[in-house]
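Peer 1: PDB, C-alpha atoms (C1' of nucleotides), file upload_29.pdb:
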ATOM      1  CA  MET A   1    -112.511 183.505-259.833  1.00  0.00           C
ATOM      2  CA  LYS A   2    -114.589 183.648-256.667  1.00  0.00           C
ATOM      3  CA  TYR A   3    -117.415 181.563-255.296  1.00  0.00           C
ATOM      4  CA  TRP A   4    -120.736 182.616-253.790  1.00  0.00           C
ATOM      5  CA  LEU A   5    -123.978 181.297-252.390  1.00  0.00           C
ATOM      6  CA  MET A   6    -127.189 183.119-253.236  1.00  0.00           C
ATOM      7  CA  LYS A   7    -130.471 182.524-251.454  1.00  0.00           C
ATOM      8  CA  THR A   8    -133.892 182.712-252.976  1.00  0.00           C
ATOM      9  CA  GLU A   9    -137.320 181.719-251.798  1.00  0.00           C
ATOM     10  CA  PRO A  10    -138.602 179.173-254.305  1.00  0.00           C
ATOM     11  CA  ASN A  11    -142.123 180.576-253.889  1.00  0.00           C
ATOM     12  CA  THR A  12    -140.774 183.822-255.328  1.00  0.00           C
ATOM     13  CA  PHE A  13    -138.105 182.644-257.744  1.00  0.00           C
ATOM     14  CA  SER A  14    -136.949 179.018-257.955  1.00  0.00           C
ATOM     15  CA  ILE A  15    -134.298 177.112-259.865  1.00  0.00           C
ATOM     16  CA  ASP A  16    -137.041 176.026-262.273  1.00  0.00           C
ATOM     17  CA  ASP A  17    -137.984 179.664-262.837  1.00  0.00           C
ATOM     18  CA  LEU A  18    -134.364 180.364-263.717  1.00  0.00           C
ATOM     19  CA  ALA A  19    -134.349 177.412-266.117  1.00  0.00           C
ATOM     20  CA  GLU A  20    -137.290 178.982-267.946  1.00  0.00           C
ATOM     21  CA  GLN A  21    -135.705 182.408-268.449  1.00  0.00           C
ATOM     22  CA  PRO A  22    -134.440 183.391-271.897  1.00  0.00           C
ATOM     23  CA  GLU A  23    -130.874 182.039-272.136  1.00  0.00           C
ATOM     24  CA  GLN A  24    -131.454 180.844-268.545  1.00  0.00           C
ATOM     25  CA  ILE A  25    -130.212 184.235-267.336  1.00  0.00           C
ATOM     26  CA  THR A  26    -131.783 186.430-264.664  1.00  0.00           C
ATOM     27  CA  CYS A  27    -130.859 189.622-262.865  1.00  0.00           C
ATOM     28  CA  TRP A  28    -130.541 189.182-259.113  1.00  0.00           C
ATOM     29  CA  GLU A  29    -132.657 192.160-258.132  1.00  0.00           C
ATOM     30  CA  GLY A  30    -134.167 193.184-254.847  1.00  0.00           C
ATOM     31  CA  VAL A  31    -131.275 192.678-252.443  1.00  0.00           C
ATOM     32  CA  ARG A  32    -131.820 195.367-249.805  1.00  0.00           C
ATOM     33  CA  ASN A  33    -129.101 194.672-247.286  1.00  0.00           C
ATOM     34  CA  TYR A  34    -125.917 196.731-247.187  1.00  0.00           C
ATOM     35  CA  GLN A  35    -123.505 193.894-246.537  1.00  0.00           C
ATOM     36  CA  ALA A  36    -124.891 191.929-249.471  1.00  0.00           C
ATOM     37  CA  ARG A  37    -124.999 195.120-251.545  1.00  0.00           C
ATOM     38  CA  ASN A  38    -121.284 195.651-251.010  1.00  0.00           C
ATOM     39  CA  LEU A  39    -120.587 192.159-252.328  1.00  0.00           C
ATOM     40  CA  LEU A  40    -122.815 192.689-255.360  1.00  0.00           C
ATOM     41  CA  ARG A  41    -121.286 196.090-256.110  1.00  0.00           C
ATOM     42  CA  ASP A  42    -117.626 195.511-255.313  1.00  0.00           C
ATOM     43  CA  GLU A  43    -116.764 191.844-255.253  1.00  0.00           C
ATOM     44  CA  ILE A  44    -118.849 189.719-257.575  1.00  0.00           C
ATOM     45  CA  GLU A  45    -117.492 189.550-261.099  1.00  0.00           C
ATOM     46  CA  GLU A  46    -118.350 187.967-264.395  1.00  0.00           C
ATOM     47  CA  GLY A  47    -117.261 184.338-264.383  1.00  0.00           C
ATOM     48  CA  ASP A  48    -117.666 183.819-260.630  1.00  0.00           C
ATOM     49  CA  GLN A  49    -119.427 180.612-259.617  1.00  0.00           C
ATOM     50  CA  VAL A  50    -122.676 180.490-257.653  1.00  0.00           C
ATOM     51  CA  LEU A  51    -124.429 177.956-255.450  1.00  0.00           C
ATOM     52  CA  PHE A  52    -128.155 178.533-255.958  1.00  0.00           C
ATOM     53  CA  TYR A  53    -129.940 177.997-252.629  1.00  0.00           C
ATOM     54  CA  HIS A  54    -133.624 177.615-251.775  1.00  0.00           C
ATOM     55  CA  SER A  55    -134.484 179.205-248.408  1.00  0.00           C
ATOM     56  CA  ALA A  56    -137.638 179.649-246.319  1.00  0.00           C
ATOM     57  CA  CYS A  57    -139.244 176.528-247.742  1.00  0.00           C
ATOM     58  CA  LYS A  58    -140.001 172.932-246.807  1.00  0.00           C
ATOM     59  CA  THR A  59    -136.511 171.599-247.546  1.00  0.00           C
ATOM     60  CA  PRO A  60    -133.870 174.328-247.611  1.00  0.00           C
ATOM     61  CA  ALA A  61    -131.121 173.174-249.989  1.00  0.00           C
ATOM     62  CA  VAL A  62    -128.528 174.018-252.583  1.00  0.00           C
ATOM     63  CA  VAL A  63    -130.351 173.111-255.784  1.00  0.00           C
ATOM     64  CA  GLY A  64    -128.204 174.346-258.643  1.00  0.00           C
ATOM     65  CA  LEU A  65    -125.035 175.905-260.005  1.00  0.00           C
ATOM     66  CA  ALA A  66    -124.830 179.194-261.852  1.00  0.00           C
ATOM     67  CA  THR A  67    -122.249 181.515-263.349  1.00  0.00           C
ATOM     68  CA  VAL A  68    -122.167 185.283-262.949  1.00  0.00           C
ATOM     69  CA  SER A  69    -122.790 186.598-266.467  1.00  0.00           C
ATOM     70  CA  ARG A  70    -122.634 190.279-265.536  1.00  0.00           C
ATOM     71  CA  GLY A  71    -120.893 191.889-262.565  1.00  0.00           C
ATOM     72  CA  GLY A  72    -122.411 194.531-260.278  1.00  0.00           C
ATOM     73  CA  TYR A  73    -124.575 197.250-261.803  1.00  0.00           C
ATOM     74  CA  PRO A  74    -127.326 199.474-260.379  1.00  0.00           C
ATOM     75  CA  ASP A  75    -130.604 197.785-259.472  1.00  0.00           C
ATOM     76  CA  HIS A  76    -132.985 199.955-261.472  1.00  0.00           C
ATOM     77  CA  HIS A  77    -135.998 198.391-259.761  1.00  0.00           C
ATOM     78  CA  ALA A  78    -135.197 200.715-256.856  1.00  0.00           C
ATOM     79  CA  PHE A  79    -135.982 203.702-259.107  1.00  0.00           C
ATOM     80  CA  ASP A  80    -139.368 202.383-260.183  1.00  0.00           C
ATOM     81  CA  LYS A  81    -142.212 203.590-257.984  1.00  0.00           C
ATOM     82  CA  LYS A  82    -144.398 200.766-259.168  1.00  0.00           C
ATOM     83  CA  SER A  83    -141.860 198.108-258.290  1.00  0.00           C
ATOM     84  CA  HIS A  84    -142.098 196.086-255.136  1.00  0.00           C
ATOM     85  CA  TYR A  85    -138.391 196.886-254.747  1.00  0.00           C
ATOM     86  CA  PHE A  86    -138.788 200.674-255.043  1.00  0.00           C
ATOM     87  CA  ASP A  87    -136.625 202.636-252.605  1.00  0.00           C
ATOM     88  CA  PRO A  88    -136.751 206.448-252.572  1.00  0.00           C
ATOM     89  CA  LYS A  89    -133.231 206.536-251.075  1.00  0.00           C
ATOM     90  CA  SER A  90    -131.807 205.309-254.362  1.00  0.00           C
ATOM     91  CA  ASN A  91    -131.571 207.354-257.550  1.00  0.00           C
ATOM     92  CA  PRO A  92    -129.819 206.852-260.904  1.00  0.00           C
ATOM     93  CA  ASP A  93    -127.153 209.495-260.139  1.00  0.00           C
ATOM     94  CA  SER A  94    -126.148 207.781-256.942  1.00  0.00           C
ATOM     95  CA  PRO A  95    -127.621 204.283-256.765  1.00  0.00           C
ATOM     96  CA  THR A  96    -127.970 202.707-253.347  1.00  0.00           C
ATOM     97  CA  TRP A  97    -128.660 199.186-254.543  1.00  0.00           C
ATOM     98  CA  TYR A  98    -126.860 196.913-256.972  1.00  0.00           C
ATOM     99  CA  MET A  99    -127.434 193.581-258.655  1.00  0.00           C
ATOM    100  CA  VAL A 100    -125.667 191.057-260.872  1.00  0.00           C
ATOM    101  CA  ASP A 101    -126.858 188.709-263.606  1.00  0.00           C
ATOM    102  CA  ILE A 102    -126.504 184.975-263.265  1.00  0.00           C
ATOM    103  CA  LYS A 103    -126.877 182.199-265.790  1.00  0.00           C
ATOM    104  CA  LEU A 104    -127.920 178.676-264.914  1.00  0.00           C
ATOM    105  CA  ASN A 105    -125.088 176.236-265.204  1.00  0.00           C
ATOM    106  CA  LYS A 106    -126.972 173.195-264.108  1.00  0.00           C
ATOM    107  CA  LYS A 107    -129.652 172.003-261.792  1.00  0.00           C
ATOM    108  CA  LEU A 108    -128.112 169.537-259.334  1.00  0.00           C
ATOM    109  CA  GLU A 109    -129.064 165.929-259.915  1.00  0.00           C
ATOM    110  CA  ARG A 110    -129.642 165.729-256.190  1.00  0.00           C
ATOM    111  CA  PRO A 111    -130.264 168.794-254.008  1.00  0.00           C
ATOM    112  CA  VAL A 112    -127.858 169.124-251.084  1.00  0.00           C
ATOM    113  CA  THR A 113    -130.058 169.906-248.111  1.00  0.00           C
ATOM    114  CA  LEU A 114    -129.224 172.225-245.258  1.00  0.00           C
ATOM    115  CA  ALA A 115    -129.507 169.258-242.886  1.00  0.00           C
ATOM    116  CA  GLU A 116    -126.941 167.373-244.944  1.00  0.00           C
ATOM    117  CA  LEU A 117    -124.588 170.357-244.977  1.00  0.00           C
ATOM    118  CA  ARG A 118    -124.871 170.630-241.195  1.00  0.00           C
ATOM    119  CA  GLU A 119    -124.118 166.964-240.791  1.00  0.00           C
ATOM    120  CA  GLU A 120    -121.157 167.177-243.148  1.00  0.00           C
ATOM    121  CA  ALA A 121    -119.827 170.145-241.185  1.00  0.00           C
ATOM    122  CA  THR A 122    -119.533 168.012-238.033  1.00  0.00           C
ATOM    123  CA  LYS A 123    -116.972 165.733-239.663  1.00  0.00           C
ATOM    124  CA  ALA A 124    -113.296 166.138-238.879  1.00  0.00           C
ATOM    125  CA  ARG A 125    -111.487 168.709-241.036  1.00  0.00           C
ATOM    126  CA  SER A 126    -114.611 169.375-243.076  1.00  0.00           C
ATOM    127  CA  PRO A 127    -114.308 172.516-245.197  1.00  0.00           C
ATOM    128  CA  LEU A 128    -117.905 173.252-244.280  1.00  0.00           C
ATOM    129  CA  VAL A 129    -117.241 173.995-240.586  1.00  0.00           C
ATOM    130  CA  ASP A 130    -116.899 177.703-241.253  1.00  0.00           C
ATOM    131  CA  MET A 131    -119.411 177.949-244.069  1.00  0.00           C
ATOM    132  CA  VAL A 132    -121.295 181.237-243.616  1.00  0.00           C
ATOM    133  CA  LEU A 133    -124.647 179.564-244.275  1.00  0.00           C
ATOM    134  CA  LEU A 134    -124.183 177.324-241.245  1.00  0.00           C
ATOM    135  CA  GLN A 135    -123.226 180.032-238.759  1.00  0.00           C
ATOM    136  CA  LYS A 136    -125.768 180.760-236.042  1.00  0.00           C
ATOM    137  CA  GLY A 137    -128.066 183.625-236.938  1.00  0.00           C
ATOM    138  CA  SER A 138    -126.559 184.033-240.395  1.00  0.00           C
ATOM    139  CA  ARG A 139    -129.106 185.488-242.785  1.00  0.00           C
ATOM    140  CA  LEU A 140    -126.948 187.102-245.432  1.00  0.00           C
ATOM    141  CA  SER A 141    -128.645 186.409-248.763  1.00  0.00           C
ATOM    142  CA  VAL A 142    -125.483 186.742-250.821  1.00  0.00           C
ATOM    143  CA  GLN A 143    -122.467 185.219-249.152  1.00  0.00           C
ATOM    144  CA  PRO A 144    -118.925 184.150-249.942  1.00  0.00           C
ATOM    145  CA  VAL A 145    -118.044 180.470-250.207  1.00  0.00           C
ATOM    146  CA  SER A 146    -114.501 179.085-250.417  1.00  0.00           C
ATOM    147  CA  LYS A 147    -113.441 176.968-253.373  1.00  0.00           C
ATOM    148  CA  LYS A 148    -113.143 173.970-251.052  1.00  0.00           C
ATOM    149  CA  GLN A 149    -116.648 174.526-249.758  1.00  0.00           C
ATOM    150  CA  PHE A 150    -117.986 174.943-253.269  1.00  0.00           C
ATOM    151  CA  ASP A 151    -116.297 171.769-254.474  1.00  0.00           C
ATOM    152  CA  ARG A 152    -117.514 169.805-251.479  1.00  0.00           C
ATOM    153  CA  VAL A 153    -121.109 170.828-252.039  1.00  0.00           C
ATOM    154  CA  VAL A 154    -120.865 169.816-255.692  1.00  0.00           C
ATOM    155  CA  LYS A 155    -119.363 166.491-254.666  1.00  0.00           C
ATOM    156  CA  LEU A 156    -122.183 165.863-252.187  1.00  0.00           C
ATOM    157  CA  SER A 157    -124.685 166.417-254.989  1.00  0.00           C
ATOM    158  CA  GLU A 158    -123.052 163.621-256.975  1.00  0.00           C
ATOM    159  CA  LYS A 159    -123.414 161.008-254.255  1.00  0.00           C
TER
ATOM    160  C1'  DG B   1    -147.360 179.608-237.188  1.00  0.00           C
ATOM    161  C1'  DC B   2    -143.657 180.335-233.829  1.00  0.00           C
ATOM    162  C1'  DC B   3    -139.761 182.578-232.541  1.00  0.00           C
ATOM    163  C1'  DA B   4    -134.661 183.647-232.335  1.00  0.00           C
ATOM    164  C1'  DA B   5    -131.451 186.494-234.484  1.00  0.00           C
ATOM    165  C1'  DC B   6    -130.394 190.277-236.950  1.00  0.00           C
ATOM    166  C1'  DG B   7    -130.948 194.954-239.277  1.00  0.00           C
ATOM    167  C1'  DT B   8    -133.075 199.479-239.439  1.00  0.00           C
ATOM    168  C1'  DT B   9    -135.390 203.465-237.678  1.00  0.00           C
ATOM    169  C1'  DG B  10    -136.007 207.294-234.953  1.00  0.00           C
ATOM    170  C1'  DG B  11    -136.550 209.682-230.415  1.00  0.00           C
ATOM    171  C1'  DC B  12    -133.722 211.529-227.052  1.00  0.00           C
TER
ATOM    172  C1'  DG C   1    -124.295 207.876-229.974  1.00  0.00           C
ATOM    173  C1'  DC C   2    -127.549 204.998-227.335  1.00  0.00           C
ATOM    174  C1'  DC C   3    -131.166 201.938-227.377  1.00  0.00           C
ATOM    175  C1'  DA C   4    -136.096 200.559-227.625  1.00  0.00           C
ATOM    176  C1'  DA C   5    -139.345 199.423-230.990  1.00  0.00           C
ATOM    177  C1'  DC C   6    -140.267 197.503-235.037  1.00  0.00           C
ATOM    178  C1'  DG C   7    -139.625 194.785-239.357  1.00  0.00           C
ATOM    179  C1'  DT C   8    -137.491 190.882-241.751  1.00  0.00           C
ATOM    180  C1'  DT C   9    -135.295 186.453-242.358  1.00  0.00           C
ATOM    181  C1'  DG C  10    -135.528 181.810-242.283  1.00  0.00           C
ATOM    182  C1'  DG C  11    -135.264 177.289-239.781  1.00  0.00           C
ATOM    183  C1'  DC C  12    -138.221 174.351-237.532  1.00  0.00           C
TER
END
I'd like the structure from this file rewritten - as structure tokens, please.
Peer 2:
Amino acid sequence: MKYWLMKTEPNTFSIDDLAEQPEQITCWEGVRNYQARNLLRDEIEEGDQVLFYHSACKTPAVVGLATVSRGGYPDHHAFDKKSHYFDPKSNPDSPTWYMVDIKLNKKLERPVTLAELREEATKARSPLVDMVLLQKGSRLSVQPVSKKQFDRVVKLSEK
DNA sequence: GCCAACGTTGGC
DNA sequence: GCCAACGTTGGC
């Protein structure tokens, strides 16, 4: 089993929006970055665990936990001319873009803010020192997280 | 709203 | 293949 962090802008799709989906499942469509695409297509599998992160908002934070309920499959929104995510490069015979489905596990009792993660990362031997999210200039919207990092974030949410 | 960092595009 | 211009991300 692997661990991931996925970013979303709460104005577009928040943890509460996920909670309102049927079966609390959503497809993670619209990722249009090749590095993230490769993860979605090749690495992320059913059963993997996800940190659900709110970005580009007042208080950026990990706000929930989710489970991958379906591994990588073509993002059909790219084929739909009417979709905001339409991309003429992609076609059903040779899809450029992929997505996964995730299911809400739980909303964290207490969000773990970016500021808190940064502070935690300054501590000696913290597993968060090399967390991708905290690297300068890192903007990858789907990123790997180690088990230790995942567990530490969960623990911080229980404080 | 500002702006640094990064990714993509396209001319040459 | 280089690189300038442009677009996007995302923290602050």
Peer 1: Please write as a list in words the full residue list that the PyMOL selection byres ((chain B) within 9 of (chain A)) yields on this file.
Peer 2: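 Residues picked by the PyMOL selection byres ((chain B) within 9 of (chain A)): DA4, DA5, DC6 and DG7 of chain B.
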Peer 1: Would you translate the PyMOL selection byres ((chain A and resi 65-72) around 6) into the concrete set of residues it matches in this file, as a ChimeraX atom specification?
Peer 2: /A:40-41,44-52,64,73,99-106
Peer 1: Hey, what's within 12 Å of A:Leu128 if we count only C-alpha atoms (C1' of nucleotides) and toss same-chain stuff fewer than 4 positions away? As a ChimeraX atom specification, please?
Peer 2: /A:114,116-124,132-135,145-153,156
Peer 1: Could you tell me how far atom CA of A:Thr12 sits from atom CA of A:Gln143, in Å to one decimal place?
Peer 2: 19.4 Å
Peer 1: Expanded to explicit residues, what is the PyMOL selection byres ((chain A and resi 7) around 6) for this file, as a list in words?
Peer 2: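 After applying the PyMOL selection byres ((chain A and resi 7) around 6), what remains is Met6, Thr8, Tyr53, His54 and Ser141 of chain A.
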Peer 1: How far is it from atom CA of A:Ser157 to atom CA of A:Arg110, in Å with one decimal?
Peer 2: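 According to the coordinates, atom CA of A:Ser157 and atom CA of A:Arg110 are separated by 5.1 Å.
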Peer 1: Enter the distance from atom CA of A:Lys107 to atom CA of A:Ile15, in Å, rounded to one decimal.
Peer 2: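 Result for atom CA of A:Lys107 versus atom CA of A:Ile15: 7.2 Å, one decimal.
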Peer 1: Write stretch 18-32 of chain A as a compact mmCIF listing (two decimals), in the coordinates of the input, completed to N, CA and C atoms.
Peer 2:
# COMPACT_ATOMS: atom_id res chain seq x y z
N LEU A 18 -135.59 179.96 -263.02
CA LEU A 18 -134.36 180.36 -263.72
C LEU A 18 -134.21 179.57 -265.01
N ALA A 19 -134.50 178.28 -264.94
CA ALA A 19 -134.35 177.41 -266.12
C ALA A 19 -135.26 177.86 -267.27
N GLU A 20 -136.34 178.56 -266.91
CA GLU A 20 -137.29 178.98 -267.95
C GLU A 20 -137.00 180.36 -268.51
N GLN A 21 -136.03 181.07 -267.94
CA GLN A 21 -135.71 182.41 -268.45
C GLN A 21 -135.04 182.31 -269.82
N PRO A 22 -135.17 183.36 -270.63
CA PRO A 22 -134.44 183.39 -271.90
C PRO A 22 -132.94 183.25 -271.63
N GLU A 23 -132.31 182.34 -272.32
CA GLU A 23 -130.87 182.04 -272.14
C GLU A 23 -130.56 181.56 -270.71
N GLN A 24 -131.60 181.27 -269.95
CA GLN A 24 -131.45 180.84 -268.54
C GLN A 24 -130.64 181.84 -267.73
N ILE A 25 -130.87 183.13 -268.05
CA ILE A 25 -130.21 184.24 -267.34
C ILE A 25 -131.27 185.04 -266.59
N THR A 26 -130.90 185.51 -265.39
CA THR A 26 -131.78 186.43 -264.66
C THR A 26 -130.94 187.48 -263.96
N CYS A 27 -131.53 188.65 -263.74
CA CYS A 27 -130.86 189.62 -262.86
C CYS A 27 -131.27 189.32 -261.43
N TRP A 28 -130.31 189.52 -260.53
CA TRP A 28 -130.54 189.18 -259.11
C TRP A 28 -130.99 190.43 -258.37
N GLU A 29 -132.20 190.88 -258.66
CA GLU A 29 -132.66 192.16 -258.13
C GLU A 29 -133.28 192.02 -256.75
N GLY A 30 -133.40 193.14 -256.08
CA GLY A 30 -134.17 193.18 -254.85
C GLY A 30 -133.38 192.96 -253.58
N VAL A 31 -132.06 192.82 -253.67
CA VAL A 31 -131.28 192.68 -252.44
C VAL A 31 -131.22 194.04 -251.75
N ARG A 32 -131.72 194.10 -250.53
CA ARG A 32 -131.82 195.37 -249.80
C ARG A 32 -131.13 195.26 -248.45
